[in-house]
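Undergrad: For reference, this is start02.txt, and it has compact mmCIF, C-alpha atoms.
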# COMPACT_ATOMS: atom_id res chain seq x y z
CA MET J 138 -22.34 -77.00 -15.17
CA THR J 139 -18.91 -75.63 -14.26
CA ILE J 140 -18.41 -78.37 -11.66
CA GLU J 141 -19.39 -81.10 -14.16
CA LYS J 142 -16.93 -79.75 -16.75
CA ALA J 143 -14.14 -79.75 -14.17
CA LEU J 144 -14.96 -83.34 -13.21
CA ALA J 145 -15.11 -84.52 -16.87
CA ARG J 146 -11.31 -84.98 -16.90
CA ILE J 147 -11.44 -87.52 -14.07
CA ALA J 148 -14.94 -89.09 -14.24
CA VAL J 149 -17.19 -90.57 -16.92
CA GLN J 150 -20.37 -88.50 -17.45
CA PRO J 151 -20.11 -86.65 -14.10
CA GLN J 152 -23.18 -85.15 -12.49
CA ALA J 153 -23.18 -82.63 -9.67
CA LEU J 154 -25.93 -81.68 -7.24
CA VAL J 155 -25.41 -78.45 -5.29
CA SER J 156 -27.40 -77.68 -2.15
CA VAL J 157 -27.18 -74.34 -0.38
CA VAL J 158 -26.86 -75.16 3.30
CA LYS J 159 -26.55 -71.62 4.59
CA ASN J 160 -26.95 -68.36 2.68
CA ASN J 161 -25.25 -65.69 4.78
CA SER J 162 -25.79 -63.03 2.13
CA ASN J 163 -29.56 -63.30 2.57
CA ALA J 164 -29.80 -62.85 6.34
CA VAL J 165 -30.38 -60.21 8.99
CA THR J 166 -28.67 -59.69 12.33
CA VAL J 167 -30.85 -59.65 15.43
CA THR J 168 -29.30 -58.44 18.68
CA GLY J 169 -30.07 -56.80 22.00
CA GLU J 170 -32.82 -57.99 24.33
CA VAL J 171 -33.67 -61.17 22.39
CA ALA J 172 -33.35 -64.75 23.60
CA ALA J 173 -30.75 -65.70 20.96
CA SER J 174 -28.80 -62.99 19.14
CA GLY J 175 -27.37 -63.88 15.77
CA ARG J 176 -27.83 -64.02 12.02
CA ILE J 177 -31.30 -65.09 10.90
CA PRO J 178 -31.58 -66.43 7.33
CA LEU J 179 -34.41 -64.94 5.29
CA THR J 180 -36.93 -67.02 3.37
CA PRO J 181 -37.46 -66.50 -0.37
CA GLY J 182 -40.97 -65.12 0.25
CA GLY J 183 -39.67 -62.42 2.61
CA ASN J 184 -39.79 -61.99 6.35
CA ARG J 185 -41.50 -59.37 8.44
CA LEU J 186 -39.94 -57.69 11.46
CA LEU J 187 -41.98 -59.50 14.14
CA GLY J 188 -41.30 -62.86 12.48
CA VAL J 189 -37.55 -62.28 12.54
CA ILE J 190 -37.70 -61.28 16.22
CA ALA J 191 -39.66 -64.47 16.92
CA ASP J 192 -37.06 -66.50 14.99
CA ALA J 193 -34.43 -65.07 17.36
CA GLY J 194 -36.36 -66.53 20.31
CA GLY J 195 -38.46 -63.45 21.00
CA PRO J 196 -37.84 -60.65 23.49
CA ARG J 197 -36.33 -61.41 26.91
CA ILE J 198 -38.41 -58.77 28.71
CA GLU J 199 -41.92 -57.29 28.50
CA SER J 200 -42.73 -55.46 25.30
CA HIS J 201 -43.65 -52.20 27.05
CA GLN J 202 -40.00 -51.85 28.12
CA LEU J 203 -38.59 -52.27 24.63
CA ALA J 204 -37.90 -50.29 21.51
CA VAL J 205 -37.03 -51.91 18.18
CA GLN J 206 -34.33 -50.29 16.08
CA VAL J 207 -33.88 -51.26 12.43
CA THR J 208 -30.62 -50.21 10.81
CA ARG J 209 -30.43 -50.42 7.05
CA GLY J 210 -27.16 -49.18 5.63
CA THR J 211 -26.44 -45.86 7.34
CA LYS J 212 -30.04 -45.14 8.38
CA SER J 213 -31.77 -46.24 11.58
CA GLU J 214 -35.38 -46.04 12.69
CA THR J 215 -36.67 -46.82 16.18
CA ILE J 216 -40.20 -47.69 17.26
CA PRO J 217 -41.66 -48.77 20.61
CA MET J 218 -42.23 -52.54 20.61
CA GLU J 219 -45.86 -52.04 21.75
CA GLN J 220 -46.53 -49.89 18.67
CA LEU J 221 -44.92 -52.49 16.40
CA ILE J 222 -47.19 -55.17 17.89
CA SER J 223 -50.39 -53.13 17.83
CA ASP J 224 -50.04 -51.52 14.38
CA PRO J 225 -49.74 -54.04 11.51
CA ARG J 226 -48.49 -51.29 9.18
CA GLU J 227 -45.30 -51.06 11.26
CA ASN J 228 -44.51 -54.77 10.79
CA VAL J 229 -42.47 -54.13 7.65
CA TYR J 230 -40.48 -56.57 5.54
CA VAL J 231 -36.82 -56.77 6.48
CA GLN J 232 -34.06 -56.77 3.89
CA PRO J 233 -30.78 -58.67 3.71
CA ASN J 234 -28.09 -57.20 5.99
CA ASP J 235 -30.57 -55.25 8.14
CA VAL J 236 -29.60 -55.05 11.80
CA ILE J 237 -32.52 -55.37 14.22
CA THR J 238 -31.79 -54.37 17.81
CA LEU J 239 -34.19 -54.68 20.73
CA ILE J 240 -33.30 -51.90 23.17
CA ARG J 241 -34.41 -51.86 26.80
CA GLN J 242 -35.97 -48.52 27.63
CA PRO J 243 -37.12 -48.59 31.23
CA ARG J 244 -39.91 -46.21 32.07
CA SER J 245 -39.36 -43.70 34.81
CA PHE J 246 -40.69 -40.50 36.27
CA THR J 247 -39.23 -37.87 38.55
CA VAL J 248 -41.01 -36.38 41.55
CA PHE J 249 -39.87 -33.11 43.06
CA GLY J 250 -41.45 -30.45 45.19
CA ALA J 251 -43.91 -30.96 48.05
CA ALA J 252 -43.96 -34.76 47.97
CA MET J 253 -42.87 -37.08 50.75
CA ALA J 254 -39.78 -37.96 48.69
CA ASN J 255 -38.04 -36.35 45.75
CA ALA J 256 -36.84 -39.16 43.53
CA SER J 257 -36.48 -40.64 40.09
CA VAL J 258 -38.60 -43.80 40.04
CA GLN J 259 -38.53 -46.62 37.50
CA PHE J 260 -41.73 -48.59 36.95
CA ASP J 261 -42.74 -51.71 35.05
CA GLU J 262 -46.46 -51.06 34.64
CA THR J 263 -47.81 -50.64 31.11
CA GLN J 264 -49.78 -47.62 32.30
CA LEU J 265 -49.21 -45.53 35.44
CA TYR J 266 -51.73 -43.04 36.80
CA LEU J 267 -50.84 -39.90 38.73
CA ASN J 268 -52.13 -41.28 42.04
CA GLN J 269 -50.09 -44.48 41.56
CA GLY J 270 -46.94 -42.48 40.82
CA LEU J 271 -47.41 -40.31 43.87
CA ALA J 272 -48.01 -43.42 46.00
CA LYS J 273 -44.63 -44.78 44.91
CA VAL J 274 -42.94 -41.85 46.69
CA GLY J 275 -45.21 -41.82 49.74
CA GLY J 276 -47.74 -39.28 48.45
CA LEU J 277 -47.88 -35.54 48.91
CA ASN J 278 -46.50 -33.85 52.01
CA ASP J 279 -49.65 -32.66 53.83
CA ASP J 280 -47.80 -29.74 55.46
CA LYS J 281 -46.48 -28.28 52.20
CA ALA J 282 -48.50 -29.55 49.24
CA ASN J 283 -51.51 -28.04 47.54
CA ALA J 284 -53.41 -30.98 46.05
CA ARG J 285 -55.25 -28.59 43.70
CA ALA J 286 -52.03 -27.57 41.97
CA VAL J 287 -50.05 -30.66 41.05
CA PHE J 288 -47.93 -30.01 37.99
CA ILE J 289 -47.06 -32.68 35.44
CA TYR J 290 -44.26 -32.06 32.96
CA ARG J 291 -44.21 -34.36 29.95
CA ARG J 292 -42.39 -34.47 26.69
CA GLU J 293 -45.11 -34.30 24.09
CA PRO J 294 -45.20 -33.13 20.49
CA ALA J 295 -46.44 -29.55 20.17
CA ALA J 296 -49.47 -30.73 18.14
CA ILE J 297 -50.76 -32.76 21.09
CA ILE J 298 -50.39 -29.80 23.45
CA ARG J 299 -52.27 -27.52 21.05
CA ALA J 300 -55.09 -30.08 20.93
CA PHE J 301 -55.43 -29.94 24.72
CA ALA J 302 -54.96 -26.18 25.06
CA PRO J 303 -55.48 -24.46 21.68
CA ASN J 304 -55.58 -20.94 23.19
CA ALA J 305 -52.79 -21.34 25.74
CA GLY J 306 -50.39 -19.04 23.91
CA PRO J 307 -46.70 -18.64 24.71
CA ARG J 308 -47.10 -19.07 28.49
CA LEU J 309 -47.47 -22.81 28.00
CA TYR J 310 -44.10 -24.37 27.31
CA PRO J 311 -44.09 -26.38 24.07
CA LYS J 312 -43.28 -29.64 25.87
CA ALA J 313 -45.12 -29.23 29.16
CA ARG J 314 -48.71 -29.43 30.23
CA ARG J 315 -50.33 -28.41 33.54
CA LEU J 316 -53.12 -30.52 34.93
CA ARG J 317 -55.25 -29.54 37.88
CA THR J 318 -56.84 -32.01 40.19
CA PRO J 319 -60.40 -31.36 41.34
How would this structure read if it were set down as structure tokens?

TA:
Amino acid sequence: MTIEKALARIAVQPQALVSVVKNNSNAVTVTGEVAASGRIPLTPGGNRLLGVIADAGGPRIESHQLAVQVTRGTKSETIPMEQLISDPRENVYVQPNDVITLIRQPRSFTVFGAAMANASVQFDETQLYLNQGLAKVGGLNDDKANARAVFIYRREPAAIIRAFAPNAGPRLYPKARRLRTP
């Protein structure tokens, strides 16, 4: 209407048709380990997190090596990509001006003590068993190791540790667990 009124001085019965080609105010930014970083316009019906990542060309590396961070205003939340894929409740609707970042988080473990090599080892497997991890460093040193007392230290929430060892008491560190091999 405003455009038609402005044109009325120079045209007879003007008509104007306005088409929105690009709406930058209704978009999200996708960056990090995606095929094509950039601004992704949102549809009127709303877009979910996985859909926006797909619109950016999808991840460049395997999902088990990624975390997805959503920043909305001054708050950020991060979730492993595998959890986002496997749990539909995590596939939330994005909002205009959200920043979605795919972050590479390589998996690694450290071996020390009576093994053939003391090292920090990165691995690409989705799941790694103790015997596979030990094989990556050449196994245990037969002259020094006691195969019945291999210790595994993991960062785990205290609730998980209590579930495995409810009566362990204070001698069990809140973020470590000891496993014995048969």

Undergrad: Pick out the residues sitting within 10 Å of Ile237 in chain J, and hand them over as a list in words; count all atoms listed in the file, and ignore anything fewer than 3 positions along from it in its own chain.

TA: Val165, Thr166, Val167, Thr168, Gly169, Ser174, Leu186, Val189, Ile190, Val205, Gln206, Val207, Thr208, Arg209, Ser213, Glu214, Thr215, Val231, Asn234 and Ile240 of chain J

Undergrad: Residues near Arg226 in chain J, anyone? I mean within 12 Å using all atoms listed in the file, not counting same-chain ones fewer than 3 positions away, as a VMD selection string.

TA: chain J and resid 185 to 187 220 to 223 229 to 230

Undergrad: Got time to write the residues from that selection, C-alpha atoms, as a compact mmCIF listing (two decimals), in the frame of the given file?

TA:
# COMPACT_ATOMS: atom_id res chain seq x y z
CA ARG J 185 -41.50 -59.37 8.44
CA LEU J 186 -39.94 -57.69 11.46
CA LEU J 187 -41.98 -59.50 14.14
CA GLN J 220 -46.53 -49.89 18.67
CA LEU J 221 -44.92 -52.49 16.40
CA ILE J 222 -47.19 -55.17 17.89
CA SER J 223 -50.39 -53.13 17.83
CA VAL J 229 -42.47 -54.13 7.65
CA TYR J 230 -40.48 -56.57 5.54

Undergrad: Distance CA of Pro243 in chain J-CA of Gln202 in chain J, one decimal place?

TA: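 Spanning CA of Pro243 in chain J to CA of Gln202 in chain J is a straight-line distance of 5.3 Å.
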
Undergrad: Rank nothing, just name the residue among J:Asp224, J:Glu170, J:Asp261, J:Asp235 nearest to Asn184 in chain J, using all atoms listed in the file.

TA: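 For Asn184 in chain J, the nearest of the candidates is J:Asp235.
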
Undergrad: Please compute the CA of Ala172 in chain J-CA of Gly195 in chain J distance, one decimal, in Å.

TA: 5.9 Å

Undergrad: What does the distance between CA of Lys212 in chain J and CA of Glu227 in chain J come to in Å, to one decimal place?

TA: 16.6 Å

Undergrad: Quick one: residues within 10 Å of Gln242 in chain J, only C-alpha atoms, excluding same-chain residues fewer than 4 positions away - as an MDAnalysis selection string?

TA: chainID J and resid 200:204 217

Undergrad: Neighbours of range 273-277 of chain J within 6 Å (only C-alpha atoms; same-chain residues fewer than 2 positions away dropped), as a ChimeraX atom specification?

TA: /J:252-254,270-271,279

Undergrad: Could those selected residues go to a file with C-alpha atoms, as an mmCIF file, in the frame of the given file?

TA:
data_model
loop_
_atom_site.group_PDB
_atom_site.id
_atom_site.type_symbol
_atom_site.label_atom_id
_atom_site.label_comp_id
_atom_site.auth_asym_id
_atom_site.auth_seq_id
_atom_site.Cartn_x
_atom_site.Cartn_y
_atom_site.Cartn_z
ATOM 1 C CA ALA J 252 -43.960 -34.760 47.970
ATOM 2 C CA MET J 253 -42.870 -37.080 50.750
ATOM 3 C CA ALA J 254 -39.780 -37.960 48.690
ATOM 4 C CA GLY J 270 -46.940 -42.480 40.820
ATOM 5 C CA LEU J 271 -47.410 -40.310 43.870
ATOM 6 C CA ASP J 279 -49.650 -32.660 53.830
#

Undergrad: With all atoms listed in the file as the atoms that count, which of J:Gly210, J:Met138, J:Val158, J:Gln232 lies nearest to Leu179 in chain J?

TA: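 Smallest separation from Leu179 in chain J among the options: J:Gln232.
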